[in-house]
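A.B. asks: One structure follows; several queries about it will come next.
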Amino acid sequence: TSHSPYVLEEFELGETVVLHRDGNGILTQKRITLPDSVKPKRYRQEFRTRFCEGLLARRVMVAEGATEAMALPVAARRLAELKPGTYAPLETLGICTMDAGSDSQVADLGGLYRDLGKIVFGVCDKQTPASQAAIEAKVDKLFMHTEEDFEDFVLNNTTQAAIDRFCKGLNWPKFILSEMDWTKDPKKALKRYFGWGKGHGSLADFLVQCTEAEIPQWIRDACVQLKAICDPPPPPAPPEEKAEESDIAAKGASDGTD
């Protein structure tokens, strides 16, 4: 057995099984069955960058693109810094976030990991009802925002103060400055910048400097839901234990002790 991607990539797909032990201690094994959209050659080529971490994780978040795959973990870490009692970093929740490459791959990759016994979350832009249903059938929970583009979604749901602050501190590429004066329309200029830096962490850089209120509500709600699913609060004490505690408290009150 191994958790090393360098060891695992030395073995063929048919030589690899995924082991899982459930909450009752039962150990099972699953063979990896690739969806039709993932050819063995692609699996081998992208094993270390896309597939390995998902195979080893307990929980997998399949994001439709690189922007979402980078931005959401950063936003969760930022929120956890600002309010640790409410939010948690995705990594501490045991969630591996992976880039599906496109929204058409979210369902296929979600099905791949769920078939291996993982808890799978999907993240995508607004979908048609048919596409949404297809993804929901392959993941345990889908997080779908209301825009057709993640950059537009963030810019339309943050504050002007956050946009202005980020723009003022930005080292603008010269070609953008030659196209427009960012001071006249910071939101439009930032949209251009995010498009240029798509998939390279530019949107994550924006979110990491935001306050809680400046991070879009949908992202905040998603982080709260993920924490509730992955790290639920302990169940309430059984009634008999509560009764015993009350008896002890009553006794202390009657004899004058604490």
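Ordered as shown in the structure tokens, chains take letters A, B, and onward, while each chain numbers its residues from 1 and ligands are numbered from 1 in the order shown.
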Report as a ChimeraX atom specification: the residues of segment 14-248 of chain A with a DSSP assignment of helix (DSSP H, G or I), based on the backbone of this structure.

C.D. replies: /A:14-15,40-45,47-56,66-82,103-115,129-136,150-156,160-169,174-179,186-196,202-208,217-230,239-248

A.B. asks: May I ask which of the residues A:Cys210, A:Pro235, A:Ile163, A:Ser104 is the closest one to Ala130 of chain A, counting only C-alpha atoms?

C.D. replies: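 Ranked by minimum distance to Ala130 of chain A, first place goes to A:Ser104.
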
A.B. asks: From a backbone DSSP assignment, name each residue in segment 15-233 of chain A labelled strand (DSSP E or B), as an NGL selection string.

C.D. replies: :A and (17-21 or 27-31 or 59-63 or 95-99 or 119-124 or 141-144)

A.B. asks: So which residues touch segment 37-53 of chain A within 9 Å, counting only C-alpha atoms, skipping near sequence neighbours fewer than 6 positions away, as a list in words?

C.D. replies: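 Those residues are Ser4, Pro5, Tyr6, Leu8, Glu9, Glu12, Leu13, Val60, Cys96, Thr97, Met98, Asp99, Ala100, Gln105, Asp108 and Leu109 of chain A.
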
A.B. asks: Would you please work out which residue, of A:Tyr87, A:Phe166, A:Trp218, A:Phe175, is nearest to Trp196 of chain A when using only C-alpha atoms?

C.D. replies: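 Once distances to Trp196 of chain A are computed over only C-alpha atoms, the minimum belongs to A:Phe175.
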
A.B. asks: So that I can check the surroundings of segment 80-82 of chain A, please list as a PyMOL selection string every protein, DNA and RNA residue that reaches within 12 Å of it, counting only C-alpha atoms and ignoring chain neighbours fewer than 3 positions away.

C.D. replies: chain A and resi 73-77+85-93+208-215+220+223-224+227

A.B. asks: Grab the atom CA of Ile95 of chain A to atom CA of Lys118 of chain A distance for me, in Å with one decimal place.

C.D. replies: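 According to the coordinates, atom CA of Ile95 of chain A and atom CA of Lys118 of chain A are separated by 10.0 Å.
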
A.B. asks: So how far away is atom CA of Phe150 of chain A from atom CA of Leu79 of chain A, in Å?

C.D. replies: 18.6 Å

A.B. asks: One decimal, in Å: what's the spacing between atom CA of Gly197 of chain A and atom CA of Gln132 of chain A?

C.D. replies: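 Separating atom CA of Gly197 of chain A from atom CA of Gln132 of chain A is a distance of 27.4 Å.
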
A.B. asks: I'd like to know which of A:Cys167, A:Asp221, A:Ala204, A:Trp172 is closest to Pro186 of chain A, using only C-alpha atoms.

C.D. replies: A:Cys167

A.B. asks: Segment 24-31 of chain A: which residues within 6 Å, counting only C-alpha atoms, same-chain residues fewer than 6 positions away excluded, as an NGL selection string?

C.D. replies: :A and (17-18 or 116)

A.B. asks: Find the spatial neighbours of Val120 of chain A, counting only C-alpha atoms, within a cut-off of 8 Å - ignore same-chain residues fewer than 4 positions away - and output them as a ChimeraX atom specification.

C.D. replies: /A:59-62,110,113-114,139-141

A.B. asks: So, with only C-alpha atoms as the atoms that count, which of A:Pro233, A:Gly94, A:Gly54, A:Gly199 lies closest to Glu151 of chain A?

C.D. replies: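 Result for the nearest residue to Glu151 of chain A: A:Gly199.
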
A.B. asks: Identify which of the residues A:Glu64, A:Leu170, A:Ile32, A:Asn157 lies closest to Lys126 of chain A, counting only C-alpha atoms when measuring atom-to-atom distances.

C.D. replies: A:Glu64

A.B. asks: Using only C-alpha atoms, can you tell me which of A:Gly117, A:Pro216, A:Gly111, A:Pro35 comes closest to Ala137 of chain A?

C.D. replies: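 Checking each candidate against Ala137 of chain A, we get A:Gly111 as the closest.
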